[in-house]
Amino acid sequence: MDKMVPYPSNSIVPERDLDKKPILETHHLGVDFGGLTAVDDFSITVGRTEISGLIGPNGAGKTTVFNLLTNVYQPTRGDIMLDGMTTARKTCFQVNKMGIARTFQNIRLFSNMSVLDNVKIGLHNSINQNLFSAMTHLFNYGKSEKAARDEAMSLLEFFDMQDVADSEAGSLPYGAQRRLEIARALATHPKIILLDEPAAGMNPSETSELMENIRRIRDNFGIAVLLIEHDMKLVMNICEGICVLDHGKVIAKGSPDEIKSNPKVIEAYLGKKKEGDANA
Amino acid sequence: MTFLSNLINGISLGSVYAIIALGYTMVYGIAKMLNFAHGDVIMVGAYASYCTMIYLGWHPLLSILFSIVVCTLLGVIIEAFAYKPLRRAGSLAVLITAIGVSYLLQNVALLIWGSTPKVFTSVVNFEPLSFFGGKLTITAESIVTVLACIVIMICLTLFTQKTKIGKAMRAVSEDKDAAELMGINVNTTISITFAVGSALAAVAGVLLCSSYPTLVPTTGSMPGIKAFTAAVFGGIGSIPGAMLGGILLGIIEIFSKSYISTSLSDAIVFAVLILVLLIKPTGILGKKITEKV
C-alpha cells in the first residue's frame, strides 16, 4: 500500500497517482430535498487508481452521494469533475459513458435475463451494432455479437462465473449476484466504479474473497474504486483513503490509521449521546 | 364445416388482435404505460393505405409500406410530444393524456376524411381457397393475416432476444433506473418501442380493413380496446401472452357470434376476460410479481 500524500487541491491521494489527474473530484457538493439538506459541502478527491472508502452511520447520506455522482439526483450546489470534466446537466447514461459505473445497495440485476445477457447490457455502448444490421444479420452483426460474447465471458471468468453464464440471473445465490453486479458495471468500461455496500450480507470468507476481488479490479483494469461499506475490517484493510460522512457532512478524511484514531469519527459511531440519532 | 370455417375466421381475427396487442404489451412492458391512442394509430394506418391506393393508385404493397412509415413517425411523434414530458409524472396523468391523444386522432381524422364510411379495397388480390367441393372457403385475407402474424411474432422474438436494442428494451422493462446507470439511453429505447409498436399497428390496420372493409374515424377504437383486453388476457408485458390472448379472443368472439348471439358477442368476450382475471389476475402467461419486503 502506497503512502498517502497531499494532492495540490489539499486532498490526499496515493503517491503513485500524484502525477496523474485525479479521476474524481467534487467541490462543495450539496443537495437539498425540499427543506432538508441531505448532503452538504462534500468535497473529495479520488486518485486515478485509488481504492477509497465512504463510511458513516446509517442515514449519513452515503448513498445520496453515490446518487449525486451518477446524476440520479442533480446537485443543488457544487460541481463534480469526472476525469477533469464536469458532469453537470448530463443524464445518467451519459455520465456512465463518461466513465463512472456503480452497483446498488439492494441488488438490481435484470433478474429475468441470463447472466451473460446482464453483462452484455453493460457492454451496450461498446457494441457497434445498428438496427438494420441486427435485423438482417448482415454486415457486422455476427462479428459484433461474438466480440460482445467474448468480452462478457472474459469478465465472467474474472469472477469465476463462466459456468453459470446461461443461468437466469435471479436464480443465482446471493454472493454470485453481487459479483455479477460488479461484472455488469465493469462491462461499461468505467474509469471509476462505485460499490454500494458490496459486502452486505456476506459471511467472512465471502468478504475476504470480495476484498481480493476489489484489489484485482484495481490492478487488472487500472481503475479507481469508491465504496460504501459498514464492514470496518474490509474498509480498514483495503481502502487507501477514507472519507467519513455524518448528517450529510464530511467529518473526517484520511488514511485508515488517521480515521481509526479520529475522535470525531469515534463520536459519530459510538456517540456522545445525541437526541434523535437512534442509528448512530 | 361451419365449425372449421368459424375457427379459421376466429384465428384470422385473433391474429389482427394479436398484432395490435403486441403494440400495447411492448409499450406497457417498457414504458409502463397504457397507450390508449394505439387503436387510433391503426385507423390512421388504414387511412394512409386507403388514400395512397385510391387517390394515387399505388400498388397495395407500396401503400402498406407507406402506411408503416406514417404510423412509425406518428408513434414517435406522439411519444415525444405527449408522453415524454410526463415521464416523471404520475401514471394517471399519462393515462389521461393517452385518452386525450386518442380523441385528438379520431377528431382530426373526422376533419380530414369526414364521417362517411370509406370502403377499403383489400390489399390481397388472390381468390379464396375452396376445400371439400366448396363447402369450406378460406379467404386469402385470412391466410395472409395469419401468416403475417406468425412472421411478426418470430421477428419480434428474435429482435428482443438477440439484438442489442432488444436486450436494452428488456433491461429497461425490468429496471429502468438500473438500465440507465448501465449506459442505456432510456428515452431512445422507449422511442424505438413506440416506433416498433406503431409500425405493427399499421400492418394491423391494413389487415383489419382488408377483412372488414368499412373505414371510419372510429374504426380503430373497438379493435384497440379488444386488443388491449387480449394483452391483459394473455398477461400484459408478455409478447407470447399478447399473441395467445389475441388469438383466443378472436376465436371466442367469432364463436359467440355464430353460436350464441351476434349482439352479445362483445359482452361475452369481456365476460371471459373478467373470469380469467378472477382466476389468474396476471393473465394467462403473466408472471406473478412478488415484491420483496
# chains A, B, ... in the order shown; residues from 1 in each chain; ligands from 1
>>> closest_atom_pairs(of="chain B", to="chain A", cutoff="9 Å", atoms="only C-alpha atoms", output="JSON lines")
{"residue": "B:Cys155", "atom": "CA", "partner": "A:Met135", "partner_atom": "CA", "distance": 8.4}
{"residue": "B:Leu158", "atom": "CA", "partner": "A:Met135", "partner_atom": "CA", "distance": 8.7}
{"residue": "B:Phe159", "atom": "CA", "partner": "A:Met135", "partner_atom": "CA", "distance": 7.0}
{"residue": "B:Lys162", "atom": "CA", "partner": "A:Ala134", "partner_atom": "CA", "distance": 8.4}
{"residue": "B:Thr163", "atom": "CA", "partner": "A:Ala134", "partner_atom": "CA", "distance": 6.0}
{"residue": "B:Lys164", "atom": "CA", "partner": "A:His124", "partner_atom": "CA", "distance": 6.7}
{"residue": "B:Ile165", "atom": "CA", "partner": "A:Leu131", "partner_atom": "CA", "distance": 7.3}
{"residue": "B:Lys167", "atom": "CA", "partner": "A:Ile121", "partner_atom": "CA", "distance": 6.8}
{"residue": "B:Ala168", "atom": "CA", "partner": "A:Ile121", "partner_atom": "CA", "distance": 6.4}
{"residue": "B:Arg170", "atom": "CA", "partner": "A:Met113", "partner_atom": "CA", "distance": 8.1}
{"residue": "B:Ala171", "atom": "CA", "partner": "A:Phe110", "partner_atom": "CA", "distance": 6.1}
{"residue": "B:Val172", "atom": "CA", "partner": "A:Phe110", "partner_atom": "CA", "distance": 8.9}
{"residue": "B:Glu174", "atom": "CA", "partner": "A:Phe110", "partner_atom": "CA", "distance": 5.9}
{"residue": "B:Asp175", "atom": "CA", "partner": "A:Phe110", "partner_atom": "CA", "distance": 6.9}
{"residue": "B:Asp177", "atom": "CA", "partner": "A:Val72", "partner_atom": "CA", "distance": 8.3}
{"residue": "B:Ala178", "atom": "CA", "partner": "A:Arg108", "partner_atom": "CA", "distance": 6.6}
{"residue": "B:Ala179", "atom": "CA", "partner": "A:Ile121", "partner_atom": "CA", "distance": 7.9}
{"residue": "B:Glu180", "atom": "CA", "partner": "A:Phe93", "partner_atom": "CA", "distance": 5.0}
{"residue": "B:Leu181", "atom": "CA", "partner": "A:Cys92", "partner_atom": "CA", "distance": 5.5}
{"residue": "B:Met182", "atom": "CA", "partner": "A:Gly122", "partner_atom": "CA", "distance": 5.5}
{"residue": "B:Gly183", "atom": "CA", "partner": "A:Phe93", "partner_atom": "CA", "distance": 4.0}
{"residue": "B:Ile184", "atom": "CA", "partner": "A:Phe93", "partner_atom": "CA", "distance": 5.6}
{"residue": "B:Asn185", "atom": "CA", "partner": "A:Phe93", "partner_atom": "CA", "distance": 5.9}
{"residue": "B:Val186", "atom": "CA", "partner": "A:Phe93", "partner_atom": "CA", "distance": 8.2}
>>> write_last_selection(atoms="N, CA, C and O atoms", output="CSV table (one decimal), in the first residue's frame")
chain,number,residue,atom,x,y,z
B,155,CYS,N,-40.2,-12.6,-35.8
B,155,CYS,CA,-39.2,-11.5,-35.9
B,155,CYS,C,-39.1,-10.8,-34.6
B,155,CYS,O,-38.0,-10.4,-34.2
B,158,LEU,N,-37.1,-12.8,-32.1
B,158,LEU,CA,-35.7,-12.7,-32.4
B,158,LEU,C,-35.1,-11.3,-32.0
B,158,LEU,O,-34.0,-11.2,-31.5
B,159,PHE,N,-35.9,-10.3,-32.4
B,159,PHE,CA,-35.4,-8.9,-32.1
B,159,PHE,C,-35.2,-8.7,-30.6
B,159,PHE,O,-34.1,-8.2,-30.2
B,162,LYS,N,-32.3,-11.4,-29.4
B,162,LYS,CA,-30.9,-11.5,-30.0
B,162,LYS,C,-30.2,-10.2,-30.2
B,162,LYS,O,-29.0,-10.1,-30.3
B,163,THR,N,-31.0,-9.1,-30.4
B,163,THR,CA,-30.3,-7.9,-30.8
B,163,THR,C,-29.9,-7.0,-29.5
B,163,THR,O,-30.6,-7.2,-28.5
B,164,LYS,N,-29.0,-6.2,-29.7
B,164,LYS,CA,-28.6,-5.3,-28.7
B,164,LYS,C,-29.7,-4.4,-28.2
B,164,LYS,O,-30.0,-4.2,-27.0
B,165,ILE,N,-30.5,-3.8,-29.2
B,165,ILE,CA,-31.6,-2.9,-28.8
B,165,ILE,C,-32.7,-3.7,-28.1
B,165,ILE,O,-33.3,-3.2,-27.2
B,167,LYS,N,-32.3,-6.3,-26.3
B,167,LYS,CA,-31.8,-6.6,-24.9
B,167,LYS,C,-31.9,-5.3,-24.1
B,167,LYS,O,-32.3,-5.4,-22.9
B,168,ALA,N,-31.6,-4.2,-24.7
B,168,ALA,CA,-31.8,-2.9,-23.9
B,168,ALA,C,-33.2,-2.7,-23.6
B,168,ALA,O,-33.5,-2.3,-22.4
B,170,ARG,N,-35.4,-5.1,-23.0
B,170,ARG,CA,-35.8,-6.0,-21.9
B,170,ARG,C,-35.2,-5.4,-20.6
B,170,ARG,O,-35.8,-5.5,-19.5
B,171,ALA,N,-34.0,-4.9,-20.7
B,171,ALA,CA,-33.3,-4.3,-19.5
B,171,ALA,C,-34.2,-3.1,-18.9
B,171,ALA,O,-34.5,-3.1,-17.7
B,172,VAL,N,-34.6,-2.3,-19.8
B,172,VAL,CA,-35.4,-1.1,-19.4
B,172,VAL,C,-36.7,-1.6,-18.8
B,172,VAL,O,-37.2,-1.1,-17.8
B,174,GLU,N,-37.2,-4.3,-17.2
B,174,GLU,CA,-37.0,-4.8,-15.8
B,174,GLU,C,-36.7,-3.8,-14.8
B,174,GLU,O,-37.2,-3.8,-13.7
B,175,ASP,N,-35.8,-2.9,-15.1
B,175,ASP,CA,-35.4,-1.9,-14.2
B,175,ASP,C,-34.8,-0.7,-14.9
B,175,ASP,O,-33.7,-0.6,-15.3
B,177,ASP,N,-34.2,2.5,-14.1
B,177,ASP,CA,-33.1,3.2,-13.5
B,177,ASP,C,-31.7,2.5,-13.6
B,177,ASP,O,-30.7,3.1,-13.9
B,178,ALA,N,-31.8,1.2,-13.2
B,178,ALA,CA,-30.5,0.5,-13.3
B,178,ALA,C,-30.0,0.4,-14.7
B,178,ALA,O,-28.8,0.6,-15.0
B,179,ALA,N,-30.9,0.3,-15.7
B,179,ALA,CA,-30.5,0.2,-17.1
B,179,ALA,C,-29.9,1.5,-17.5
B,179,ALA,O,-28.8,1.5,-18.2
B,180,GLU,N,-30.4,2.7,-17.1
B,180,GLU,CA,-29.9,3.9,-17.4
B,180,GLU,C,-28.5,4.1,-16.8
B,180,GLU,O,-27.6,4.6,-17.5
B,181,LEU,N,-28.3,3.6,-15.6
B,181,LEU,CA,-27.0,3.7,-15.0
B,181,LEU,C,-26.0,2.8,-15.6
B,181,LEU,O,-24.8,2.9,-15.4
B,182,MET,N,-26.4,1.8,-16.4
B,182,MET,CA,-25.5,0.9,-17.1
B,182,MET,C,-25.3,1.5,-18.5
B,182,MET,O,-24.8,0.8,-19.4
B,183,GLY,N,-25.7,2.7,-18.7
B,183,GLY,CA,-25.3,3.4,-20.0
B,183,GLY,C,-26.4,3.2,-21.1
B,183,GLY,O,-26.1,3.5,-22.3
B,184,ILE,N,-27.6,2.8,-20.7
B,184,ILE,CA,-28.6,2.7,-21.8
B,184,ILE,C,-29.4,3.9,-21.8
B,184,ILE,O,-29.9,4.4,-20.8
B,185,ASN,N,-29.6,4.5,-23.0
B,185,ASN,CA,-30.4,5.7,-23.2
B,185,ASN,C,-31.9,5.3,-23.2
B,185,ASN,O,-32.4,4.8,-24.1
B,186,VAL,N,-32.5,5.5,-22.0
B,186,VAL,CA,-33.9,5.0,-21.8
B,186,VAL,C,-34.9,5.7,-22.7
B,186,VAL,O,-35.7,5.1,-23.3
>>> select_by_dssp(residues="segment 57-185 of chain A", states="strand (DSSP E or B)", output="list in words")
Arg77, Gly78, Asp79, Ile80, Met81, Leu82, Met85, Thr86, Ile100, Ala101, Arg102, Ser114 and Glu168 of chain A
>>> residues_around(residues="Asp40 of chain B", least_positions_apart="3", cutoff="10 Å", atoms="only C-alpha atoms", output="PDB file with N, CA, C and O atoms, in the first residue's frame")
ATOM      1  N   PHE B  36     -53.495   4.288 -24.823  1.00  0.00           N
ATOM      2  CA  PHE B  36     -54.840   4.099 -25.353  1.00  0.00           C
ATOM      3  C   PHE B  36     -55.008   4.694 -26.744  1.00  0.00           C
ATOM      4  O   PHE B  36     -56.011   4.469 -27.400  1.00  0.00           O
ATOM      5  N   ALA B  37     -54.043   5.470 -27.193  1.00  0.00           N
ATOM      6  CA  ALA B  37     -54.125   6.002 -28.544  1.00  0.00           C
ATOM      7  C   ALA B  37     -53.684   4.970 -29.576  1.00  0.00           C
ATOM      8  O   ALA B  37     -53.776   5.207 -30.780  1.00  0.00           O
ATOM      9  N   MET B  43     -56.165   3.136 -37.118  1.00  0.00           N
ATOM     10  CA  MET B  43     -57.079   3.829 -38.027  1.00  0.00           C
ATOM     11  C   MET B  43     -56.293   4.732 -38.980  1.00  0.00           C
ATOM     12  O   MET B  43     -56.529   4.732 -40.194  1.00  0.00           O
ATOM     13  N   VAL B  44     -55.328   5.469 -38.449  1.00  0.00           N
ATOM     14  CA  VAL B  44     -54.512   6.343 -39.296  1.00  0.00           C
ATOM     15  C   VAL B  44     -53.767   5.509 -40.338  1.00  0.00           C
ATOM     16  O   VAL B  44     -53.706   5.867 -41.524  1.00  0.00           O
ATOM     17  N   GLY B  45     -53.250   4.371 -39.911  1.00  0.00           N
ATOM     18  CA  GLY B  45     -52.551   3.474 -40.833  1.00  0.00           C
ATOM     19  C   GLY B  45     -53.462   3.029 -41.958  1.00  0.00           C
ATOM     20  O   GLY B  45     -53.067   3.029 -43.139  1.00  0.00           O
ATOM     21  N   ALA B  46     -54.685   2.671 -41.612  1.00  0.00           N
ATOM     22  CA  ALA B  46     -55.633   2.214 -42.631  1.00  0.00           C
ATOM     23  C   ALA B  46     -55.955   3.343 -43.606  1.00  0.00           C
ATOM     24  O   ALA B  46     -55.979   3.139 -44.822  1.00  0.00           O
ATOM     25  N   VAL B 101     -55.026  11.929 -26.509  1.00  0.00           N
ATOM     26  CA  VAL B 101     -54.411  11.747 -27.831  1.00  0.00           C
ATOM     27  C   VAL B 101     -55.334  10.911 -28.711  1.00  0.00           C
ATOM     28  O   VAL B 101     -55.516  11.197 -29.900  1.00  0.00           O
ATOM     29  N   SER B 102     -55.958   9.910 -28.104  1.00  0.00           N
ATOM     30  CA  SER B 102     -56.876   9.048 -28.851  1.00  0.00           C
ATOM     31  C   SER B 102     -58.013   9.863 -29.464  1.00  0.00           C
ATOM     32  O   SER B 102     -58.304   9.753 -30.661  1.00  0.00           O
ATOM     33  N   TYR B 103     -58.645  10.719 -28.646  1.00  0.00           N
ATOM     34  CA  TYR B 103     -59.735  11.551 -29.171  1.00  0.00           C
ATOM     35  C   TYR B 103     -59.225  12.555 -30.189  1.00  0.00           C
ATOM     36  O   TYR B 103     -59.899  12.850 -31.178  1.00  0.00           O
ATOM     37  N   LEU B 104     -58.030  13.085 -29.952  1.00  0.00           N
ATOM     38  CA  LEU B 104     -57.445  14.031 -30.893  1.00  0.00           C
ATOM     39  C   LEU B 104     -57.305  13.382 -32.267  1.00  0.00           C
ATOM     40  O   LEU B 104     -57.738  13.939 -33.289  1.00  0.00           O
ATOM     41  N   LEU B 105     -56.741  12.183 -32.293  1.00  0.00           N
ATOM     42  CA  LEU B 105     -56.539  11.494 -33.573  1.00  0.00           C
ATOM     43  C   LEU B 105     -57.885  11.234 -34.255  1.00  0.00           C
ATOM     44  O   LEU B 105     -58.043  11.487 -35.459  1.00  0.00           O
ATOM     45  N   GLN B 106     -58.872  10.770 -33.485  1.00  0.00           N
ATOM     46  CA  GLN B 106     -60.186  10.476 -34.067  1.00  0.00           C
ATOM     47  C   GLN B 106     -60.798  11.721 -34.678  1.00  0.00           C
ATOM     48  O   GLN B 106     -61.354  11.692 -35.775  1.00  0.00           O
ATOM     49  N   ALA B 109     -59.014  12.960 -37.791  1.00  0.00           N
ATOM     50  CA  ALA B 109     -59.401  12.086 -38.897  1.00  0.00           C
ATOM     51  C   ALA B 109     -60.790  12.459 -39.396  1.00  0.00           C
ATOM     52  O   ALA B 109     -61.065  12.476 -40.602  1.00  0.00           O
ATOM     53  N   ALA B 201     -48.964  -1.545 -35.696  1.00  0.00           N
ATOM     54  CA  ALA B 201     -50.340  -1.052 -35.777  1.00  0.00           C
ATOM     55  C   ALA B 201     -50.729  -0.790 -37.229  1.00  0.00           C
ATOM     56  O   ALA B 201     -51.872  -1.048 -37.638  1.00  0.00           O
ATOM     57  N   GLY B 205     -53.796  -2.404 -39.073  1.00  0.00           N
ATOM     58  CA  GLY B 205     -54.855  -1.587 -39.650  1.00  0.00           C
ATOM     59  C   GLY B 205     -55.198  -2.029 -41.069  1.00  0.00           C
ATOM     60  O   GLY B 205     -56.368  -2.206 -41.413  1.00  0.00           O
ATOM     61  N   PRO B 217     -63.526   7.135 -38.877  1.00  0.00           N
ATOM     62  CA  PRO B 217     -62.517   7.588 -37.896  1.00  0.00           C
ATOM     63  C   PRO B 217     -62.500   6.805 -36.578  1.00  0.00           C
ATOM     64  O   PRO B 217     -61.518   6.858 -35.847  1.00  0.00           O
ATOM     65  N   THR B 218     -63.576   6.082 -36.271  1.00  0.00           N
ATOM     66  CA  THR B 218     -63.567   5.308 -35.020  1.00  0.00           C
ATOM     67  C   THR B 218     -63.253   3.832 -35.259  1.00  0.00           C
ATOM     68  O   THR B 218     -63.368   3.031 -34.338  1.00  0.00           O
ATOM     69  N   THR B 219     -62.829   3.521 -36.494  1.00  0.00           N
ATOM     70  CA  THR B 219     -62.530   2.129 -36.814  1.00  0.00           C
ATOM     71  C   THR B 219     -61.570   1.478 -35.819  1.00  0.00           C
ATOM     72  O   THR B 219     -61.715   0.314 -35.465  1.00  0.00           O
ATOM     73  N   GLY B 220     -60.585   2.267 -35.376  1.00  0.00           N
ATOM     74  CA  GLY B 220     -59.539   1.679 -34.536  1.00  0.00           C
ATOM     75  C   GLY B 220     -59.935   1.471 -33.092  1.00  0.00           C
ATOM     76  O   GLY B 220     -59.314   0.677 -32.390  1.00  0.00           O
ATOM     77  N   SER B 221     -60.981   2.171 -32.634  1.00  0.00           N
ATOM     78  CA  SER B 221     -61.161   2.196 -31.188  1.00  0.00           C
ATOM     79  C   SER B 221     -61.618   0.845 -30.607  1.00  0.00           C
ATOM     80  O   SER B 221     -61.062   0.380 -29.628  1.00  0.00           O
ATOM     81  N   MET B 222     -62.616   0.211 -31.256  1.00  0.00           N
ATOM     82  CA  MET B 222     -63.073  -1.077 -30.720  1.00  0.00           C
ATOM     83  C   MET B 222     -61.997  -2.168 -30.826  1.00  0.00           C
ATOM     84  O   MET B 222     -61.689  -2.820 -29.831  1.00  0.00           O
ATOM     85  N   PRO B 223     -61.377  -2.359 -32.008  1.00  0.00           N
ATOM     86  CA  PRO B 223     -60.292  -3.339 -32.059  1.00  0.00           C
ATOM     87  C   PRO B 223     -59.174  -2.990 -31.073  1.00  0.00           C
ATOM     88  O   PRO B 223     -58.557  -3.874 -30.493  1.00  0.00           O
ATOM     89  N   GLY B 224     -58.959  -1.684 -30.884  1.00  0.00           N
ATOM     90  CA  GLY B 224     -57.926  -1.259 -29.933  1.00  0.00           C
ATOM     91  C   GLY B 224     -58.240  -1.749 -28.536  1.00  0.00           C
ATOM     92  O   GLY B 224     -57.389  -2.319 -27.854  1.00  0.00           O
TER      93      GLY B 224
END
>>> residues_around(residues="segment 145-147 of chain B", least_positions_apart="2", cutoff="12 Å", atoms="only C-alpha atoms", output="number ranges by chain")
B: 8-19, 122-124, 138-143, 149-154, 203-211, 243, 246-247, 250
>>> residues_around(residues="Leu24 of chain A", least_positions_apart="5", cutoff="8 Å", atoms="only C-alpha atoms", output="VMD selection string")
chain A and resid 44 to 48 80 to 84 192
>>> select_by_dssp(residues="segment 99-286 of chain B", states="alpha helix (DSSP H)", output="ChimeraX atom specification")
/B:99-113,140-162,164-174,176-181,186-211,221-234,239-255,265-279
>>> closest_residue(among="A:Arg16, A:Asp257, A:Thr76, A:Met202", to="Gly35 of chain A", atoms="only C-alpha atoms")
A:Thr76
>>> residues_around(residues="Gly29 of chain B", least_positions_apart="2", cutoff="8 Å", atoms="only C-alpha atoms", output="number ranges by chain")
B: 25-27, 31-33, 173, 236-238
>>> atom_distance(atom1="atom CA of Pro14 of chain A", atom2="atom CA of Thr87 of chain A")
24.1 Å
>>> atom_distance(atom1="atom CA of Leu36 of chain A", atom2="atom CA of Tyr73 of chain A")
14.2 Å
